[in-house]
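Q: run39.txt (compact mmCIF, C-alpha atoms and all ligand atoms) pasted underneath:
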# COMPACT_ATOMS: atom_id res chain seq x y z
CA MET X 1 0.00 0.00 0.00
CA ALA X 2 1.11 3.56 -0.52
CA SER X 3 0.28 7.19 0.04
CA ILE X 4 0.93 9.77 -2.67
CA GLU X 5 1.79 13.41 -2.24
CA PHE X 6 2.13 16.32 -4.65
CA VAL X 7 4.19 19.20 -3.28
CA LYS X 8 4.03 22.51 -5.19
CA VAL X 9 3.73 20.67 -8.47
CA THR X 10 3.58 22.57 -11.74
CA LYS X 11 3.25 20.94 -15.14
CA SER X 12 3.68 23.01 -18.28
CA PHE X 13 3.27 22.17 -21.94
CA ASP X 14 4.82 24.70 -24.32
CA LYS X 15 5.27 27.20 -21.45
CA HIS X 16 1.56 26.94 -20.63
CA ASP X 17 0.88 25.77 -17.05
CA VAL X 18 -1.85 23.11 -17.06
CA ILE X 19 -1.20 22.36 -13.37
CA LYS X 20 0.07 25.16 -11.17
CA ASP X 21 1.57 24.92 -7.65
CA LEU X 22 -0.60 21.96 -6.77
CA ASP X 23 -0.49 20.47 -3.26
CA LEU X 24 -2.39 17.23 -2.72
CA LYS X 25 -2.19 14.25 -0.37
CA ILE X 26 -3.75 10.98 -1.49
CA GLU X 27 -4.27 8.68 1.47
CA ASP X 28 -2.92 5.18 1.71
CA GLY X 29 -5.48 2.46 0.89
CA LYS X 30 -8.24 4.89 -0.07
CA PHE X 31 -10.29 5.00 -3.26
CA THR X 32 -9.58 8.52 -4.51
CA VAL X 33 -11.38 9.83 -7.58
CA LEU X 34 -10.01 12.76 -9.60
CA VAL X 35 -13.00 14.32 -11.30
CA GLY X 36 -13.53 17.43 -13.40
CA PRO X 37 -14.41 18.62 -16.89
CA SER X 38 -12.44 17.64 -19.98
CA GLY X 39 -8.99 19.23 -20.09
CA CYS X 40 -8.82 20.16 -16.38
CA GLY X 41 -5.62 18.14 -15.87
CA LYS X 42 -6.78 14.82 -14.36
CA THR X 43 -4.84 12.56 -16.73
CA THR X 44 -1.81 14.81 -16.38
CA LEU X 45 -1.83 14.19 -12.60
CA LEU X 46 -2.13 10.44 -13.10
CA ARG X 47 0.74 10.38 -15.60
CA MET X 48 2.93 12.29 -13.15
CA ILE X 49 2.27 9.66 -10.45
CA ALA X 50 3.09 6.90 -12.94
CA GLY X 51 6.22 8.72 -14.05
CA ILE X 52 5.17 8.58 -17.71
CA ASP X 53 5.26 12.34 -18.02
CA PRO X 54 7.17 13.98 -15.16
CA GLN X 55 6.30 17.30 -13.51
CA THR X 56 7.98 20.53 -14.65
CA SER X 57 8.69 21.57 -11.04
CA GLY X 58 7.81 20.48 -7.52
CA SER X 59 7.87 16.94 -6.12
CA VAL X 60 5.78 13.81 -6.29
CA LEU X 61 6.22 11.53 -3.28
CA ILE X 62 5.12 7.92 -2.98
CA ASN X 63 5.14 6.67 0.60
CA GLY X 64 7.01 9.81 1.60
CA LYS X 65 9.79 9.22 -0.93
CA ASP X 66 10.49 11.62 -3.79
CA VAL X 67 10.06 9.52 -6.95
CA THR X 68 11.16 12.17 -9.45
CA ARG X 69 14.21 10.12 -10.44
CA ILE X 70 12.54 6.73 -10.21
CA ALA X 71 11.56 5.05 -13.49
CA PRO X 72 7.88 4.22 -14.08
CA GLY X 73 8.46 0.46 -13.79
CA GLN X 74 10.12 0.87 -10.38
CA ARG X 75 7.40 2.96 -8.72
CA GLY X 76 5.11 0.10 -7.68
CA VAL X 77 2.18 1.54 -9.62
CA ALA X 78 0.03 -0.07 -12.31
CA MET X 79 -2.12 1.81 -14.77
CA VAL X 80 -5.43 0.68 -16.31
CA PHE X 81 -6.55 2.63 -19.39
CA GLN X 82 -9.91 3.14 -21.04
CA ASN X 83 -8.78 1.26 -24.15
CA TYR X 84 -7.73 -1.73 -22.00
CA ALA X 85 -4.25 -2.16 -23.57
CA ILE X 86 -4.62 -5.92 -23.91
CA TYR X 87 -3.03 -8.04 -26.65
CA PRO X 88 -5.66 -9.25 -29.13
CA THR X 89 -3.67 -12.25 -30.38
CA MET X 90 -3.01 -13.66 -26.90
CA SER X 91 -5.46 -15.70 -24.82
CA VAL X 92 -6.74 -14.27 -21.54
CA ARG X 93 -4.23 -16.44 -19.65
CA GLU X 94 -1.33 -15.26 -21.85
CA ASN X 95 -2.40 -11.65 -21.42
CA ILE X 96 -2.48 -11.96 -17.64
CA GLU X 97 0.82 -13.81 -17.32
CA PHE X 98 2.69 -11.65 -19.86
CA GLY X 99 4.24 -9.37 -17.23
CA LEU X 100 5.14 -12.35 -15.05
CA LYS X 101 7.00 -14.06 -17.88
CA ASN X 102 8.86 -10.83 -18.54
CA ASN X 103 9.88 -10.78 -14.90
CA LYS X 104 11.08 -14.40 -15.16
CA VAL X 105 8.56 -15.75 -12.68
CA GLY X 106 8.60 -19.61 -12.82
CA LYS X 107 5.80 -21.58 -14.51
CA GLU X 108 4.28 -23.02 -11.34
CA GLU X 109 4.10 -19.65 -9.61
CA ARG X 110 2.71 -18.08 -12.79
CA THR X 111 -0.09 -20.64 -12.99
CA ARG X 112 -0.92 -20.14 -9.32
CA LEU X 113 -1.02 -16.35 -9.64
CA VAL X 114 -3.02 -16.32 -12.87
CA GLU X 115 -5.59 -18.64 -11.32
CA SER X 116 -5.95 -16.74 -8.09
CA ILE X 117 -6.20 -13.35 -9.84
CA SER X 118 -8.60 -14.53 -12.53
CA ALA X 119 -10.82 -15.93 -9.77
CA THR X 120 -10.77 -12.54 -8.01
CA VAL X 121 -12.01 -10.75 -11.14
CA GLY X 122 -14.35 -13.55 -12.26
CA LEU X 123 -12.41 -14.68 -15.34
CA ASN X 124 -11.48 -18.26 -14.42
CA ASN X 125 -13.83 -19.74 -17.02
CA TYR X 126 -12.41 -17.60 -19.80
CA LEU X 127 -8.68 -18.20 -19.52
CA ASP X 128 -8.34 -19.89 -22.91
CA ARG X 129 -10.48 -17.40 -24.82
CA LYS X 130 -9.16 -14.64 -27.10
CA PRO X 131 -10.12 -11.05 -26.12
CA SER X 132 -12.20 -10.66 -29.32
CA THR X 133 -14.61 -13.30 -28.01
CA LEU X 134 -15.18 -11.46 -24.71
CA SER X 135 -17.69 -8.78 -23.76
CA GLY X 136 -16.52 -5.23 -23.01
CA GLY X 137 -16.81 -5.85 -19.26
CA GLN X 138 -14.80 -9.06 -19.49
CA ARG X 139 -12.09 -7.31 -21.49
CA GLN X 140 -11.97 -4.61 -18.83
CA ARG X 141 -11.47 -7.35 -16.23
CA VAL X 142 -8.54 -8.75 -18.25
CA ALA X 143 -6.97 -5.28 -18.15
CA LEU X 144 -7.51 -5.18 -14.37
CA ALA X 145 -6.05 -8.66 -13.94
CA ARG X 146 -3.00 -7.65 -15.99
CA ALA X 147 -2.46 -4.74 -13.62
CA MET X 148 -3.10 -6.91 -10.54
CA VAL X 149 -0.41 -9.51 -11.30
CA LYS X 150 2.19 -6.83 -10.79
CA LYS X 151 1.01 -6.58 -7.16
CA PRO X 152 1.20 -2.79 -7.32
CA SER X 153 0.88 -0.67 -4.22
CA VAL X 154 -1.10 1.88 -6.26
CA PHE X 155 -3.66 1.31 -9.02
CA LEU X 156 -4.03 4.22 -11.42
CA MET X 157 -7.17 4.08 -13.56
CA ASP X 158 -7.90 6.48 -16.40
CA GLU X 159 -11.61 6.41 -17.34
CA PRO X 160 -11.51 2.60 -17.36
CA LEU X 161 -15.27 2.21 -17.83
CA SER X 162 -15.91 4.80 -20.52
CA ASN X 163 -16.13 2.24 -23.35
CA LEU X 164 -18.88 0.25 -21.64
CA ASP X 165 -22.63 0.71 -21.99
CA ALA X 166 -24.55 2.28 -19.11
CA LYS X 167 -25.74 -0.98 -17.56
CA LEU X 168 -22.35 -2.65 -17.63
CA ARG X 169 -20.72 0.50 -16.32
CA ALA X 170 -23.03 0.43 -13.31
CA GLN X 171 -22.14 -3.22 -12.70
CA MET X 172 -18.40 -2.63 -13.08
CA ARG X 173 -18.59 0.28 -10.63
CA ILE X 174 -19.80 -2.14 -7.97
CA GLU X 175 -17.15 -4.69 -8.96
CA LEU X 176 -14.41 -2.07 -8.65
CA ILE X 177 -15.63 -1.03 -5.20
CA GLU X 178 -15.56 -4.69 -4.15
CA LEU X 179 -12.13 -5.22 -5.71
CA HIS X 180 -10.81 -2.23 -3.81
CA LYS X 181 -12.16 -3.63 -0.55
CA LYS X 182 -10.63 -7.03 -1.27
CA LEU X 183 -7.20 -5.68 -2.20
CA GLY X 184 -7.01 -2.78 0.27
CA THR X 185 -4.69 -1.03 -2.19
CA THR X 186 -4.58 2.69 -2.97
CA PHE X 187 -6.81 3.39 -6.01
CA VAL X 188 -6.53 6.65 -7.94
CA TYR X 189 -9.31 6.83 -10.48
CA VAL X 190 -9.82 9.50 -13.15
CA THR X 191 -13.23 10.30 -14.58
CA HIS X 192 -15.22 13.26 -15.89
CA ASP X 193 -18.41 11.50 -14.77
CA GLN X 194 -19.62 12.83 -11.44
CA VAL X 195 -21.89 9.78 -10.95
CA GLU X 196 -18.82 7.52 -11.00
CA ALA X 197 -17.07 9.84 -8.60
CA MET X 198 -20.01 10.01 -6.20
CA SER X 199 -20.67 6.28 -6.21
CA MET X 200 -17.12 4.97 -5.86
CA ALA X 201 -14.92 7.48 -4.07
CA ASP X 202 -13.81 7.55 -0.46
CA THR X 203 -12.43 10.96 -1.38
CA ILE X 204 -13.25 13.11 -4.40
CA VAL X 205 -10.65 15.53 -5.70
CA LEU X 206 -12.66 17.95 -7.81
CA MET X 207 -10.59 19.89 -10.36
CA ASN X 208 -11.15 22.74 -12.76
CA GLN X 209 -8.57 24.38 -15.02
CA GLY X 210 -5.63 22.73 -13.25
CA LEU X 211 -6.75 23.81 -9.77
CA ILE X 212 -8.31 21.75 -6.98
CA GLN X 213 -11.76 23.12 -6.21
CA GLN X 214 -12.54 20.79 -3.33
CA GLU X 215 -11.16 17.62 -1.79
CA ALA X 216 -13.66 15.78 0.40
CA PRO X 217 -15.86 12.68 0.72
CA PRO X 218 -18.76 12.64 -1.79
CA ASP X 219 -21.48 13.51 0.75
CA VAL X 220 -19.48 16.49 2.04
CA ILE X 221 -19.03 17.94 -1.46
CA TYR X 222 -22.74 17.45 -2.04
CA ARG X 223 -23.91 19.00 1.25
CA GLN X 224 -21.18 21.62 1.67
CA PRO X 225 -19.77 22.60 -1.72
CA ASN X 226 -16.89 25.07 -1.40
CA ASN X 227 -17.97 27.17 -4.34
CA LEU X 228 -20.37 27.54 -7.23
CA PHE X 229 -18.30 25.25 -9.45
CA ALA X 230 -18.45 22.38 -6.92
CA ALA X 231 -22.15 23.05 -6.30
CA GLN X 232 -22.98 22.76 -9.99
CA PHE X 233 -20.57 20.00 -11.01
CA ILE X 234 -21.70 17.46 -8.40
CA GLY X 235 -25.38 16.42 -8.54
CA VAL X 236 -27.76 15.58 -11.41
CA PRO X 237 -29.50 17.74 -12.48
CA PRO X 238 -27.11 20.41 -11.20
CA MET X 239 -27.94 22.77 -8.38
CA ASN X 240 -30.35 25.56 -9.39
CA VAL X 241 -28.73 28.98 -9.13
CA GLY X 242 -30.35 32.39 -9.15
CA GLU X 243 -29.36 36.03 -8.75
CA LEU X 244 -30.27 37.96 -5.62
CA GLY X 245 -30.50 41.46 -7.02
CA THR X 246 -27.49 43.59 -7.83
CA ASN X 247 -25.10 42.85 -4.93
CA GLY X 248 -23.38 39.94 -6.71
CA VAL X 249 -24.65 37.33 -4.24
CA LYS X 250 -26.19 34.22 -5.82
CA PHE X 251 -28.47 31.69 -4.17
CA GLY X 252 -28.78 27.99 -4.97
CA PHE X 253 -30.85 24.94 -4.12
CA ARG X 254 -30.84 21.30 -5.19
CA PRO X 255 -33.60 20.13 -7.58
CA GLU X 256 -34.95 17.80 -4.86
CA SER X 257 -34.97 20.54 -2.19
CA ALA X 258 -37.88 22.56 -3.59
CA VAL X 259 -41.56 21.87 -3.00
CA LEU X 260 -44.17 22.65 -5.65
CA SER X 261 -47.70 23.50 -4.52
CA LEU X 262 -50.91 25.16 -5.70
CA THR X 263 -51.00 27.58 -2.77
CA PRO X 264 -48.06 29.58 -1.38
CA ALA X 265 -45.93 27.60 1.09
CA ASP X 266 -44.81 29.22 4.35
CA VAL X 267 -41.07 28.88 3.66
CA HIS X 268 -38.06 31.17 3.35
CA TYR X 269 -38.08 31.38 -0.44
CA CYS X 270 -41.38 31.18 -2.29
CA THR X 271 -42.09 32.32 -5.80
CA ARG X 272 -44.72 31.83 -8.47
CA GLY X 273 -43.95 30.03 -11.69
CA VAL X 274 -45.26 28.00 -14.57
CA ILE X 275 -44.43 24.39 -15.42
CA ALA X 276 -42.51 24.63 -18.71
CA THR X 277 -41.59 20.96 -19.17
CA ARG X 278 -42.38 17.69 -17.43
CA GLU X 279 -40.18 14.60 -17.67
CA MET X 280 -41.22 11.30 -16.10
CA LEU X 281 -38.11 9.51 -14.81
CA GLY X 282 -39.90 6.50 -13.32
CA SER X 283 -39.94 6.93 -9.57
CA GLU X 284 -39.58 10.71 -9.91
CA THR X 285 -40.73 13.51 -12.17
CA LEU X 286 -38.52 16.35 -13.31
CA TYR X 287 -40.24 19.68 -13.87
CA GLN X 288 -38.76 22.79 -15.39
CA VAL X 289 -40.41 25.74 -13.67
CA LYS X 290 -40.15 29.21 -15.18
CA THR X 291 -40.50 32.12 -12.81
CA GLY X 292 -40.31 35.77 -13.87
CA SER X 293 -36.52 35.87 -13.90
CA HIS X 294 -35.31 32.28 -13.63
CA SER X 295 -35.74 28.76 -14.90
CA PHE X 296 -35.39 26.02 -12.24
CA MET X 297 -35.28 22.21 -12.46
CA ILE X 298 -37.34 20.56 -9.72
CA LYS X 299 -37.36 16.85 -8.90
CA CYS X 300 -40.58 15.57 -7.30
CA ILE X 301 -41.62 12.15 -6.08
CA GLU X 302 -45.23 12.88 -7.02
CA ASP X 303 -46.28 13.43 -10.63
CA ARG X 304 -49.19 15.79 -10.15
CA PHE X 305 -48.55 18.86 -12.30
CA ASN X 306 -49.05 19.50 -16.00
CA VAL X 307 -47.22 21.67 -18.50
CA ASP X 308 -48.48 25.30 -18.43
CA GLN X 309 -49.92 24.88 -14.93
CA GLU X 310 -49.25 27.73 -12.48
CA VAL X 311 -47.51 26.62 -9.28
CA TYR X 312 -45.73 27.99 -6.22
CA LEU X 313 -42.14 26.96 -5.72
CA GLY X 314 -40.91 26.97 -2.14
CA VAL X 315 -37.52 26.24 -0.54
CA GLU X 316 -36.86 26.07 3.20
CA ALA X 317 -34.11 28.31 4.56
CA SER X 318 -31.98 25.32 5.60
CA LYS X 319 -31.92 24.08 1.97
CA LEU X 320 -30.64 27.33 0.48
CA PHE X 321 -26.99 28.01 -0.37
CA PHE X 322 -25.49 31.45 -0.92
CA PHE X 323 -22.42 32.35 -2.96
CA GLY X 324 -20.45 35.59 -2.87
CA ALA X 325 -19.23 37.64 -5.83
CA ASP X 326 -16.02 35.52 -5.82
CA GLU X 327 -18.29 32.45 -6.23
CA ASN X 328 -17.20 30.95 -2.88
CA ARG X 329 -19.99 29.66 -0.67
CA LEU X 330 -20.87 32.04 2.12
CA GLN X 331 -20.35 30.28 5.42
CA GLU X 332 -23.80 30.81 6.92
CA SER X 333 -25.43 28.92 4.03
P1 LIG X 401 -10.05 14.55 -20.37
O1 LIG X 401 -11.17 14.29 -19.39
O2 LIG X 401 -10.55 15.19 -21.64
O3 LIG X 401 -9.17 13.37 -20.61
P2 LIG X 401 -8.12 15.72 -18.52
O4 LIG X 401 -8.71 16.44 -17.37
O5 LIG X 401 -7.59 14.36 -18.28
O6 LIG X 401 -9.15 15.72 -19.74
P3 LIG X 401 -5.45 16.35 -19.41
O7 LIG X 401 -5.35 15.25 -20.42
O8 LIG X 401 -4.72 16.17 -18.13
O9 LIG X 401 -6.99 16.66 -19.11
O10 LIG X 401 -5.00 17.71 -20.11
C1 LIG X 401 -4.90 18.92 -19.40
C2 LIG X 401 -4.48 20.01 -20.35
O11 LIG X 401 -3.15 19.77 -20.80
C3 LIG X 401 -5.33 20.12 -21.61
O12 LIG X 401 -5.55 21.47 -21.87
C4 LIG X 401 -4.48 19.48 -22.68
O13 LIG X 401 -4.75 20.04 -23.92
C5 LIG X 401 -3.08 19.78 -22.20
N1 LIG X 401 -2.13 18.72 -22.61
C6 LIG X 401 -2.11 17.44 -22.19
N2 LIG X 401 -1.09 16.74 -22.74
C7 LIG X 401 -0.45 17.61 -23.55
C8 LIG X 401 0.71 17.51 -24.41
N3 LIG X 401 1.39 16.37 -24.53
N4 LIG X 401 1.08 18.63 -25.06
C9 LIG X 401 0.41 19.80 -24.94
N5 LIG X 401 -0.68 19.96 -24.16
C10 LIG X 401 -1.10 18.88 -23.47
I'd like the structure from this file rewritten - as structure tokens, please.
A:
Amino acid sequence: MASIEFVKVTKSFDKHDVIKDLDLKIEDGKFTVLVGPSGCGKTTLLRMIAGIDPQTSGSVLINGKDVTRIAPGQRGVAMVFQNYAIYPTMSVRENIEFGLKNNKVGKEERTRLVESISATVGLNNYLDRKPSTLSGGQRQRVALARAMVKKPSVFLMDEPLSNLDAKLRAQMRIELIELHKKLGTTFVYVTHDQVEAMSMADTIVLMNQGLIQQEAPPDVIYRQPNNLFAAQFIGVPPMNVGELGTNGVKFGFRPESAVLSLTPADVHYCTRGVIATREMLGSETLYQVKTGSHSFMIKCIEDRFNVDQEVYLGVEASKLFFFGADENRLQES
């Protein structure tokens, strides 16, 4: 197992800083998810940990040791990519034992390791198959198994589920959480998908434009976002945000925090509006409510309003967030 630390790390491409003066501690044994919009620098961080693309300045420490001069293969990390990086002409067994053969591990030990690891990821019945005959999820498991045979102290995963369909992705999320529990190894997982981040992470590191916006467990980011960016990136649909006059302060509330009614509700914020759209999601209904100055998305358990119907939209004081002109959340909210 291993902890990872970035100390004042800057990474520049063509004199342009994509990561600037970044400090970050990734805890030993935790499932840490780096999340943020495309181009914010997530993959760049992962590649610096792996040593594939070193930092321009600052230090990267693994288990307290500066690894700047340590080659990628010697860092005890294994990387799993979205395109799997498995060999199409080799069987599943050959793919998994490839790294072991390279490291001159004997045949008996290789067989033992391949069997124990393929059992862990549920591939023991597929060892003689070629990757082309496997499903996307099974191929992803081969990629995981290939990383696992190296017994790394850190798993680095770059959008490993992005090639899978929605159902399989949901299943693999659960499998990865279970795998992490079983192995107890440090996982650093990159995604732009906030649902993946929310469902898998012990700690989310939320990034934007090369800067960390917030580093916290999923429920903390959801309940106490540091700023407007965090408030709107985490949560589907995103937090509703409105202007509070001319003083620069904005208010926000989650789509599930508002109550729609036919008569005014006795709550802190209450306004009149009209249902503009109605979307049945199954157990919930999503309404778009247009008020004089805003358009809000509201998630309701009951499906009792129609398009064009006039409603009152109310939010209790405890469910409101406020953001200053600098977009940071005001502490009393
Ligand atoms: P995505 O979710 O799209 O993969 P990301 O958050 O992983 O995005 P990075 O791949 O880390 O983003 O890229 C961060 C920034 O660095 C981007 O603006 C990208 O264009 C730039 N960048 C990355 N690699 C290089 C490179 N080799 N040369 C020049 N610029 C690069």
Q: Neighbouring residues of ligand LIG 401 (chain X) are defined here as those with any atom at most 7 Å from a ligand atom, counting all atoms listed in the file; list them as a PyMOL selection string.
A: chain X and resi 13-14+18+36-45+191-192
Q: Counting only C-alpha atoms, which residue out of X:Tyr222, X:Asn227, X:Glu109, X:Glu279 sits closest to X:Met198?
A: X:Tyr222
Q: I'd like the neighbourhood of stretch 145-150 of chain X as a PyMOL selection string, where a residue qualifies if any of its atoms comes within 6 Å (using only C-alpha atoms), though same-chain residues fewer than 2 positions away should be ignored.
A: chain X and resi 78+96+142-143+152
Q: List as a count of residues only the protein and nucleic acid residues near X:Thr185, meaning an atom at most 7 Å away when all atoms listed in the file are counted, but skip any in the same chain fewer than 6 places from it.
A: 4
Q: Got a sec: who's within 12 Å of stretch 163-169 of chain X, counting all atoms listed in the file, leaving out chain neighbours fewer than 6 positions off, as a list in words?
A: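 Using all atoms listed in the file, the neighbours found are Phe81, Gln82, Asn83, Tyr84, Ser135, Gly136, Gly137, Gln138, Arg139, Gln140, Arg141, Glu175, Leu176, Asp193, Val195, Glu196, Ser199 and Met200 of chain X.
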Q: Add whatever atoms are absent from stretch 118-132 of chain X to reach N, CA and C atoms, and provide the output as a PDB file, in the frame of the given file.
A:
ATOM      1  N   SER X 118      -7.440 -14.436 -11.636  1.00  0.00           N
ATOM      2  CA  SER X 118      -8.600 -14.530 -12.530  1.00  0.00           C
ATOM      3  C   SER X 118      -9.846 -14.901 -11.722  1.00  0.00           C
ATOM      4  N   ALA X 119      -9.664 -15.638 -10.626  1.00  0.00           N
ATOM      5  CA  ALA X 119     -10.820 -15.930  -9.770  1.00  0.00           C
ATOM      6  C   ALA X 119     -11.313 -14.636  -9.116  1.00  0.00           C
ATOM      7  N   THR X 120     -10.378 -13.796  -8.675  1.00  0.00           N
ATOM      8  CA  THR X 120     -10.770 -12.540  -8.010  1.00  0.00           C
ATOM      9  C   THR X 120     -11.598 -11.661  -8.934  1.00  0.00           C
ATOM     10  N   VAL X 121     -11.255 -11.621 -10.226  1.00  0.00           N
ATOM     11  CA  VAL X 121     -12.010 -10.750 -11.140  1.00  0.00           C
ATOM     12  C   VAL X 121     -13.058 -11.514 -11.950  1.00  0.00           C
ATOM     13  N   GLY X 122     -13.275 -12.781 -11.611  1.00  0.00           N
ATOM     14  CA  GLY X 122     -14.350 -13.550 -12.260  1.00  0.00           C
ATOM     15  C   GLY X 122     -14.037 -13.950 -13.699  1.00  0.00           C
ATOM     16  N   LEU X 123     -12.774 -14.302 -13.961  1.00  0.00           N
ATOM     17  CA  LEU X 123     -12.410 -14.680 -15.340  1.00  0.00           C
ATOM     18  C   LEU X 123     -11.967 -16.132 -15.453  1.00  0.00           C
ATOM     19  N   ASN X 124     -12.093 -16.923 -14.380  1.00  0.00           N
ATOM     20  CA  ASN X 124     -11.480 -18.260 -14.420  1.00  0.00           C
ATOM     21  C   ASN X 124     -12.051 -19.176 -15.494  1.00  0.00           C
ATOM     22  N   ASN X 125     -13.271 -18.890 -15.955  1.00  0.00           N
ATOM     23  CA  ASN X 125     -13.830 -19.740 -17.020  1.00  0.00           C
ATOM     24  C   ASN X 125     -13.479 -19.246 -18.413  1.00  0.00           C
ATOM     25  N   TYR X 126     -12.676 -18.207 -18.489  1.00  0.00           N
ATOM     26  CA  TYR X 126     -12.410 -17.600 -19.800  1.00  0.00           C
ATOM     27  C   TYR X 126     -10.930 -17.591 -20.154  1.00  0.00           C
ATOM     28  N   LEU X 127     -10.134 -18.326 -19.382  1.00  0.00           N
ATOM     29  CA  LEU X 127      -8.680 -18.200 -19.520  1.00  0.00           C
ATOM     30  C   LEU X 127      -8.146 -18.566 -20.903  1.00  0.00           C
ATOM     31  N   ASP X 128      -8.853 -19.470 -21.601  1.00  0.00           N
ATOM     32  CA  ASP X 128      -8.340 -19.890 -22.910  1.00  0.00           C
ATOM     33  C   ASP X 128      -8.970 -19.138 -24.071  1.00  0.00           C
ATOM     34  N   ARG X 129      -9.812 -18.159 -23.757  1.00  0.00           N
ATOM     35  CA  ARG X 129     -10.480 -17.400 -24.820  1.00  0.00           C
ATOM     36  C   ARG X 129      -9.592 -16.250 -25.315  1.00  0.00           C
ATOM     37  N   LYS X 130      -9.833 -15.816 -26.552  1.00  0.00           N
ATOM     38  CA  LYS X 130      -9.160 -14.640 -27.100  1.00  0.00           C
ATOM     39  C   LYS X 130      -9.996 -13.399 -26.729  1.00  0.00           C
ATOM     40  N   PRO X 131      -9.367 -12.258 -26.515  1.00  0.00           N
ATOM     41  CA  PRO X 131     -10.120 -11.050 -26.120  1.00  0.00           C
ATOM     42  C   PRO X 131     -11.284 -10.722 -27.060  1.00  0.00           C
ATOM     43  N   SER X 132     -11.122 -11.026 -28.365  1.00  0.00           N
ATOM     44  CA  SER X 132     -12.200 -10.660 -29.320  1.00  0.00           C
ATOM     45  C   SER X 132     -13.487 -11.415 -29.038  1.00  0.00           C
TER      46      SER X 132
END
